[in-house]
Structure formats: structure tokens, C-alpha cells
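A.B. asks: Just structure_2.tsv, nothing more (TSV, C-alpha atoms and all ligand atoms):
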```
chain	number	residue	atom	x	y	z
A	9	MET	CA	0.00	0.00	0.00
A	10	ARG	CA	1.20	3.52	-0.80
A	11	LEU	CA	0.46	6.36	1.61
A	12	TYR	CA	0.49	9.92	0.27
A	13	SER	CA	1.26	11.78	3.46
A	14	MET	CA	2.07	15.30	4.67
A	15	PRO	CA	4.88	14.88	7.25
A	16	SER	CA	3.85	17.86	9.42
A	17	SER	CA	0.10	17.15	9.40
A	18	GLY	CA	-1.82	15.40	12.16
A	19	ASN	CA	-4.30	13.95	9.68
A	20	SER	CA	-1.46	12.12	7.95
A	21	TYR	CA	0.30	11.32	11.24
A	22	LYS	CA	-2.72	9.44	12.60
A	23	VAL	CA	-2.50	7.01	9.66
A	24	ARG	CA	1.26	6.54	10.02
A	25	LEU	CA	0.78	5.99	13.78
A	26	LEU	CA	-1.90	3.33	13.36
A	27	ALA	CA	0.16	1.55	10.70
A	28	ALA	CA	3.15	1.48	13.08
A	29	LEU	CA	1.06	0.32	16.05
A	30	THR	CA	-0.45	-2.52	14.04
A	31	GLY	CA	2.72	-3.53	12.16
A	32	GLN	CA	1.42	-2.67	8.68
A	33	SER	CA	4.09	-1.41	6.33
A	34	LEU	CA	3.26	1.42	3.95
A	35	ASP	CA	5.23	2.73	1.01
A	36	ARG	CA	5.29	6.41	2.00
A	37	VAL	CA	5.26	9.36	-0.41
A	38	ASP	CA	5.98	12.55	1.55
A	39	CYS	CA	4.15	15.59	0.17
A	40	GLU	CA	4.85	18.60	2.39
A	41	TYR	CA	2.87	21.79	1.82
A	42	GLY	CA	4.14	23.68	-1.23
A	43	SER	CA	6.37	20.81	-2.40
A	44	ALA	CA	6.79	19.57	-5.95
A	45	ALA	CA	5.76	16.11	-4.69
A	46	LEU	CA	2.36	17.45	-3.55
A	47	GLN	CA	1.75	19.15	-6.88
A	48	GLN	CA	2.78	16.00	-8.70
A	49	ALA	CA	0.42	13.86	-6.62
A	50	LYS	CA	-2.42	16.27	-7.43
A	51	ASP	CA	-1.51	16.37	-11.14
A	52	GLN	CA	-1.44	12.57	-11.27
A	53	GLY	CA	-4.91	12.38	-9.71
A	54	ALA	CA	-3.49	10.43	-6.77
A	55	LEU	CA	-5.55	12.39	-4.22
A	56	PRO	CA	-9.30	11.74	-4.67
A	57	PHE	CA	-10.39	14.93	-2.88
A	58	GLY	CA	-7.16	16.82	-3.59
A	59	LYS	CA	-6.09	16.40	0.04
A	60	LEU	CA	-3.69	14.34	2.14
A	61	PRO	CA	-3.61	11.67	3.38
A	62	ALA	CA	-4.62	9.26	0.62
A	63	LEU	CA	-3.97	5.52	0.62
A	64	ARG	CA	-3.51	3.65	-2.64
A	65	LEU	CA	-4.31	-0.04	-2.21
A	66	ASP	CA	-2.56	-2.85	-4.06
A	67	ASP	CA	-5.57	-3.27	-6.40
A	68	GLY	CA	-5.33	0.39	-7.48
A	69	THR	CA	-8.23	1.69	-5.37
A	70	THR	CA	-7.41	4.95	-3.58
A	71	LEU	CA	-8.95	5.84	-0.23
A	72	ALA	CA	-9.35	9.45	0.96
A	73	GLU	CA	-10.09	11.00	4.37
A	74	SER	CA	-7.85	10.19	7.31
A	75	ASN	CA	-10.55	8.64	9.49
A	76	ALA	CA	-11.86	6.45	6.67
A	77	ILE	CA	-8.29	5.22	6.15
A	78	LEU	CA	-8.03	4.50	9.89
A	79	CYS	CA	-11.15	2.30	9.59
A	80	TYR	CA	-9.66	0.46	6.60
A	81	LEU	CA	-6.35	-0.24	8.34
A	82	GLY	CA	-7.88	-0.74	11.78
A	83	GLU	CA	-10.68	-3.22	11.11
A	84	GLY	CA	-9.81	-6.58	12.62
A	85	THR	CA	-6.95	-5.23	14.74
A	86	ALA	CA	-6.82	-4.63	18.50
A	87	TYR	CA	-7.91	-1.03	17.79
A	88	TRP	CA	-11.27	-2.17	16.37
A	89	PRO	CA	-13.72	-2.58	19.30
A	90	PRO	CA	-15.45	-5.94	19.66
A	91	SER	CA	-19.06	-4.72	19.88
A	92	ARG	CA	-21.40	-2.79	17.61
A	93	THR	CA	-22.12	-0.26	20.37
A	94	LEU	CA	-18.44	0.40	21.06
A	95	ARG	CA	-17.75	0.78	17.34
A	96	ALA	CA	-20.55	3.34	17.07
A	97	GLN	CA	-19.15	5.23	20.07
A	98	MET	CA	-15.70	5.13	18.49
A	99	LEU	CA	-17.07	6.58	15.26
A	100	GLY	CA	-18.89	9.24	17.28
A	101	TRP	CA	-15.57	10.51	18.62
A	102	MET	CA	-14.01	10.33	15.15
A	103	PHE	CA	-16.82	12.40	13.60
A	104	TRP	CA	-16.53	14.84	16.51
A	105	GLU	CA	-12.81	15.12	15.82
A	106	GLN	CA	-13.38	16.15	12.20
A	107	TYR	CA	-16.37	18.42	12.79
A	108	ASN	CA	-15.44	20.07	16.11
A	109	HIS	CA	-11.89	19.37	17.30
A	110	GLU	CA	-9.77	19.52	14.14
A	111	PRO	CA	-11.26	22.78	12.79
A	112	VAL	CA	-10.20	24.51	16.02
A	113	ILE	CA	-7.26	22.66	17.61
A	114	ALA	CA	-5.49	21.87	14.31
A	115	VAL	CA	-6.32	25.19	12.69
A	116	ARG	CA	-4.77	27.21	15.53
A	117	GLN	CA	-1.63	25.08	15.27
A	118	ALA	CA	-1.50	25.69	11.53
A	119	LEU	CA	-2.02	29.44	11.90
A	120	VAL	CA	0.83	29.85	14.37
A	121	SER	CA	3.30	27.43	12.77
A	122	TYR	CA	2.91	27.59	8.97
A	123	PRO	CA	4.40	30.75	7.38
A	124	HIS	CA	1.87	30.57	4.53
A	125	ARG	CA	-1.00	30.86	7.07
A	126	ALA	CA	0.50	33.82	8.97
A	127	ALA	CA	-1.70	36.38	7.22
A	128	ASP	CA	-4.82	34.65	8.63
A	129	ALA	CA	-3.44	34.58	12.18
A	130	THR	CA	-5.10	37.76	13.41
A	131	PRO	CA	-5.19	38.36	17.19
A	132	ASP	CA	-9.01	38.11	17.23
A	133	ARG	CA	-9.01	34.81	15.40
A	134	LEU	CA	-6.26	33.33	17.56
A	135	ALA	CA	-8.07	34.41	20.74
A	136	ASP	CA	-11.36	32.93	19.53
A	137	LEU	CA	-9.69	29.64	18.60
A	138	LEU	CA	-7.95	29.53	21.99
A	139	ASP	CA	-11.24	29.85	23.88
A	140	ARG	CA	-13.03	27.35	21.68
A	141	GLY	CA	-10.10	24.94	21.87
A	142	HIS	CA	-10.07	25.03	25.66
A	143	ALA	CA	-13.80	24.27	25.66
A	144	LEU	CA	-13.22	21.28	23.37
A	145	LEU	CA	-10.34	20.01	25.50
A	146	SER	CA	-12.68	20.27	28.50
A	147	VAL	CA	-15.04	17.83	26.79
A	148	MET	CA	-12.17	15.34	26.53
A	149	GLU	CA	-11.02	16.14	30.07
A	150	ASP	CA	-14.44	15.40	31.58
A	151	HIS	CA	-14.67	12.13	29.69
A	152	LEU	CA	-11.12	10.97	30.43
A	153	ALA	CA	-11.42	11.86	34.11
A	154	THR	CA	-13.42	8.66	34.54
A	155	GLN	CA	-11.85	6.28	32.03
A	156	ASP	CA	-8.43	5.51	30.56
A	157	TRP	CA	-9.52	5.35	26.92
A	158	LEU	CA	-12.13	7.23	24.92
A	159	VAL	CA	-14.21	4.11	24.30
A	160	GLY	CA	-14.51	0.95	26.39
A	161	ASP	CA	-11.49	-0.31	28.27
A	162	ALA	CA	-8.86	-0.44	25.52
A	163	ALA	CA	-7.25	1.89	23.00
A	164	SER	CA	-9.28	2.19	19.80
A	165	LEU	CA	-9.13	4.14	16.56
A	166	ALA	CA	-10.79	7.02	18.42
A	167	ASP	CA	-7.71	7.41	20.63
A	168	ILE	CA	-5.32	7.32	17.65
A	169	CYS	CA	-7.48	9.80	15.77
A	170	LEU	CA	-7.72	12.34	18.60
A	171	TYR	CA	-4.12	11.92	19.71
A	172	ALA	CA	-2.87	13.28	16.38
A	173	TYR	CA	-3.67	16.94	17.00
A	174	THR	CA	-4.13	16.86	20.79
A	175	HIS	CA	-0.55	15.76	21.50
A	176	SER	CA	0.82	18.96	19.93
A	177	ALA	CA	-1.95	21.31	21.10
A	178	GLY	CA	0.24	22.85	23.80
A	179	ALA	CA	3.64	23.09	22.13
A	180	ARG	CA	2.43	23.91	18.64
A	181	GLY	CA	-0.97	25.50	19.25
A	182	GLY	CA	-0.43	27.44	22.46
A	183	PHE	CA	-3.27	25.75	24.37
A	184	ASP	CA	-2.84	25.57	28.15
A	185	MET	CA	-2.53	21.83	28.75
A	186	ASN	CA	-1.91	22.36	32.48
A	187	ARG	CA	-5.68	22.75	32.74
A	188	PHE	CA	-6.24	19.22	31.46
A	189	PRO	CA	-4.48	16.61	33.64
A	190	ALA	CA	-6.69	13.72	32.54
A	191	VAL	CA	-5.96	14.55	28.89
A	192	ARG	CA	-2.22	14.66	29.67
A	193	GLY	CA	-2.46	11.25	31.35
A	194	TRP	CA	-4.27	9.86	28.31
A	195	LEU	CA	-1.63	11.35	25.96
A	196	ALA	CA	1.04	9.54	27.97
A	197	ARG	CA	-0.89	6.26	27.72
A	198	VAL	CA	-1.12	6.57	23.92
A	199	ALA	CA	2.58	7.46	23.72
A	200	ALA	CA	3.37	4.29	25.71
A	201	LEU	CA	1.52	1.95	23.34
A	202	PRO	CA	3.93	-0.64	21.89
A	203	GLY	CA	5.04	0.48	18.43
A	204	HIS	CA	4.18	4.15	18.98
A	205	VAL	CA	6.03	6.53	16.65
A	206	THR	CA	6.32	10.30	16.90
A	207	ILE	CA	5.12	12.62	14.16
A	208	ASP	CA	8.75	12.89	13.03
A	209	GLY	CA	9.36	9.16	13.33
B	301	LIG	N1	-10.78	15.81	6.38
B	301	LIG	C1	-9.54	15.53	5.70
B	301	LIG	C2	-8.64	16.75	5.75
B	301	LIG	C3	-7.51	16.65	4.75
B	301	LIG	C4	-6.69	17.93	4.66
B	301	LIG	O1	-7.20	19.05	4.83
B	301	LIG	N2	-5.38	17.75	4.40
B	301	LIG	C5	-4.48	18.89	4.31
B	301	LIG	C6	-3.32	18.68	5.27
B	301	LIG	S1	-3.94	18.52	6.92
B	301	LIG	C7	-3.94	19.00	2.88
B	301	LIG	O2	-4.00	18.08	2.12
B	301	LIG	N3	-3.39	20.17	2.54
B	301	LIG	C8	-2.72	20.36	1.26
B	301	LIG	C9	-3.55	21.11	0.27
B	301	LIG	O3	-4.70	21.45	0.59
B	301	LIG	O4	-3.04	21.38	-0.82
B	301	LIG	C10	-8.86	14.31	6.34
B	301	LIG	O5	-9.07	14.07	7.53
B	301	LIG	O6	-8.14	13.58	5.66
```
Starting from the file, give its structure as C-alpha cells.
C.D. replies:
Amino acid sequence: MRLYSMPSSGNSYKVRLLAALTGQSLDRVDCEYGSAALQQAKDQGALPFGKLPALRLDDGTTLAESNAILCYLGEGTAYWPPSRTLRAQMLGWMFWEQYNHEPVIAVRQALVSYPHRAADATPDRLADLLDRGHALLSVMEDHLATQDWLVGDAASLADICLYAYTHSAGARGGFDMNRFPAVRGWLARVAALPGHVTIDG
């Protein structure tokens, strides 16, 4: 399988992380923002929605959307919950990540760390994203105060998915992680999973 991946992006990192945790090897094509490789991948039609990550399967099918790719790679592994109810809860967190968490937590990180986004990083926007991000992290904090993992009693795709942008929310996004001890404990548990790799790994 060939993964078209943006090295600095959490959406691509979550796929690389799951592949590492589950021992699945991927032929990786790195397409950083603004690179010739990204333009080439777009020109070749390798990215179904024009975005990264995309996973090309051995039969030529290409999958788009990070969380859909997680489901493809994760089904049948230890990260795929054993019951229908747990799987629905896992998907609930993964939809929440894309609709609520990523547009705030990831966007603030992008605004403060990518030079090409600097013009959009106005003080008002950064302040608004900070407040909204802290509210979203509080949702995770309340949930993780009573359980080790987002769903059931084991790590699932939901944890891999939400780890991707939460682990860098403090250092890269400027969110105050001291306010979220249960989230920090959960981040440490994900980082301790056998086979874990960092975003640079
Ligand atoms: N919802 C999509 C988001 C994909 C996305 O926005 N990818 C960005 C990087 S995080 C990208 O491809 N940017 C390059 C571009 O737009 O040219 C997913 O989860 O896969």
C-alpha cells in the first residue's frame, strides 16, 4: 500500500501511527505543503479529494479522508472494538474530531506554525480559537477523568485519531494543557503503546 502523506500534518500522522502500532508497512510518499511532490500527486490524480492523506491499495483503489483510512487499516486489529455499540461510540468521537476538534485545535496550530498561514493569524481569530479549543479540550477532560480510553477499556481508533492533534496542542498550538491533567495522562498512555512513533518518526 502507498500512503500519500504530509509529514507535518496530524491527519497524515494518525494514519502513520496506526500503521506502526499494528505492524502494517506502507510505502510512503511525503508531500509537504508547497512541495513539488504534492503538486505531482495532485496532477497525477493520486488524491481523490485533492487532500492528504490518501492511501492507494494494491488493487489500485485509492482511499481518501484520514478517518476512513483508519477504519480500513484498523478493522480486525486490536484497535477495532469488539461490539457494535463500542464501534458506534468510536465513530462518534471520530466524527466529533473532524467536525469540532480539528477545525479549532489543528487550525490554531497551523495558523501559528505555517508561514503561509500567517496572514490569517489575526489576534481576534487566535483568541477565539484559543477559547473554543479550551472548551473542546474540557469535553475530553471530563470524559477521560473517569476512564483511561475514549471508548470501552482499551485503546481504539478514536484514541489514535484524537491523539494526532491533541498531543501537539500545547507546544504547537499554544493551548494551556496544564488545565487538562486527565488529557495529559491519556496522551502519555497513547505514547506508551507498543510500536508508537512520533510525528517525526
Ligand atoms: N478531512 C480531511 C482533511 C484533509 C486535509 O485538509 N489535508 C491537508 C493537510 S492537513 C492538505 O492536504 N493540505 C494540502 C492542500 O490542501 O493542498 C482528512 O481528515 O483527511
A.B. asks: For Arg64 in chain A, find every residue with an atom within 10 Å (counting all atoms listed in the file), except residues of its own chain fewer than 4 positions away, and show them as an mmCIF file with C-alpha atoms, in the coordinates of the input.
C.D. replies:
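After the write, part-v5.cif holds the following:
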```
data_model
loop_
_atom_site.group_PDB
_atom_site.id
_atom_site.type_symbol
_atom_site.label_atom_id
_atom_site.label_comp_id
_atom_site.auth_asym_id
_atom_site.auth_seq_id
_atom_site.Cartn_x
_atom_site.Cartn_y
_atom_site.Cartn_z
ATOM 1 C CA MET A 9 0.000 0.000 0.000
ATOM 2 C CA ARG A 10 1.200 3.520 -0.800
ATOM 3 C CA LEU A 11 0.460 6.360 1.610
ATOM 4 C CA TYR A 12 0.490 9.920 0.270
ATOM 5 C CA LEU A 34 3.260 1.420 3.950
ATOM 6 C CA ASP A 35 5.230 2.730 1.010
ATOM 7 C CA ALA A 54 -3.490 10.430 -6.770
ATOM 8 C CA LEU A 55 -5.550 12.390 -4.220
ATOM 9 C CA GLY A 68 -5.330 0.390 -7.480
ATOM 10 C CA THR A 69 -8.230 1.690 -5.370
ATOM 11 C CA THR A 70 -7.410 4.950 -3.580
ATOM 12 C CA LEU A 71 -8.950 5.840 -0.230
ATOM 13 C CA ALA A 72 -9.350 9.450 0.960
#
```
A.B. asks: Of the candidates A:Asn108, A:Ser43, A:Ser176, A:Gln117, which one gets nearest to Met148 in chain A if we count all atoms listed in the file?
C.D. replies: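 Residue with the minimum atom-to-atom distance to Met148 in chain A: A:Asn108.
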A.B. asks: If you count only C-alpha atoms and all ligand atoms, which residues end up within 7 Å of ligand LIG 301 (chain B), as an NGL selection string?
C.D. replies: :A and (14 or 17-20 or 41 or 58-61 or 72-75 or 106)
A.B. asks: Which polymer residues have any atom within 7 Å of an atom of Val112 in chain A, counting only C-alpha atoms, with same-chain residues fewer than 2 positions away left out, as a list of chain:residue names?
C.D. replies: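 My list of contacting residues is A:Asn108, A:His109, A:Glu110, A:Ala114, A:Val115, A:Arg116, A:Leu137, A:Arg140, A:Gly141.
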A.B. asks: Set the distance at 7 Å and use all atoms listed in the file: which residues neighbour Asp167 in chain A once local chain neighbours fewer than 3 positions away are removed? I'd like the list as a list in words.
C.D. replies: Trp157, Leu158, Ala163, Ser164, Leu170 and Tyr171 of chain A
A.B. asks: Need the shell around range 80-91 of chain A: protein/DNA/RNA residues with any atom at most 10 Å away, counting only C-alpha atoms. Skip same-chain ones fewer than 2 positions apart. Format as a list in words?
C.D. replies: Val23, Leu26, Ala27, Leu29, Thr30, Gln32, Leu63, Leu71, Ser74, Asn75, Ala76, Ile77, Leu78, Thr93, Leu94, Arg95, Ala96, Gln97, Met98, Val159, Gly160, Asp161, Ala162, Ala163, Ser164, Leu165, Ala166, Asp167 and Ile168 of chain A
A.B. asks: What does the distance between CA of Leu144 in chain A and CA of Val198 in chain A come to in Å, to one decimal place?
C.D. replies: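 Value for the CA of Leu144 in chain A-CA of Val198 in chain A distance: 19.1 Å.
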A.B. asks: Suppose you want the space between CA of Leu145 in chain A and CA of Arg192 in chain A; what is it in Å?
C.D. replies: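 Interatomic distance, CA of Leu145 in chain A to CA of Arg192 in chain A: 10.6 Å.
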A.B. asks: Rank A:Gly193, A:Gly181, A:Pro202, A:Gly31 by their smallest atom-to-atom distance to Leu119 in chain A, using all atoms listed in the file, and report the top residue only.
C.D. replies: A:Gly181
A.B. asks: Rounded to one decimal in Å, what is the spacing between CA of Ala126 in chain A and CA of Ala49 in chain A?
C.D. replies: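 Value for the CA of Ala126 in chain A-CA of Ala49 in chain A distance: 25.3 Å.
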A.B. asks: I'd like to know which of A:Ala129, A:Ala62, A:Val120, A:Ala135 is closest to Tyr21 in chain A, using all atoms listed in the file.
C.D. replies: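 Ranking A:Ala129, A:Ala62, A:Val120, A:Ala135 by distance to Tyr21 in chain A, first place goes to A:Ala62.
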A.B. asks: I need the residue nearest Val205 in chain A from this list: A:Lys22, A:Val37, A:Ser16, A:Pro131. Use all atoms listed in the file for the distance.
C.D. replies: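 So, comparing all the options, the nearest one is A:Lys22.
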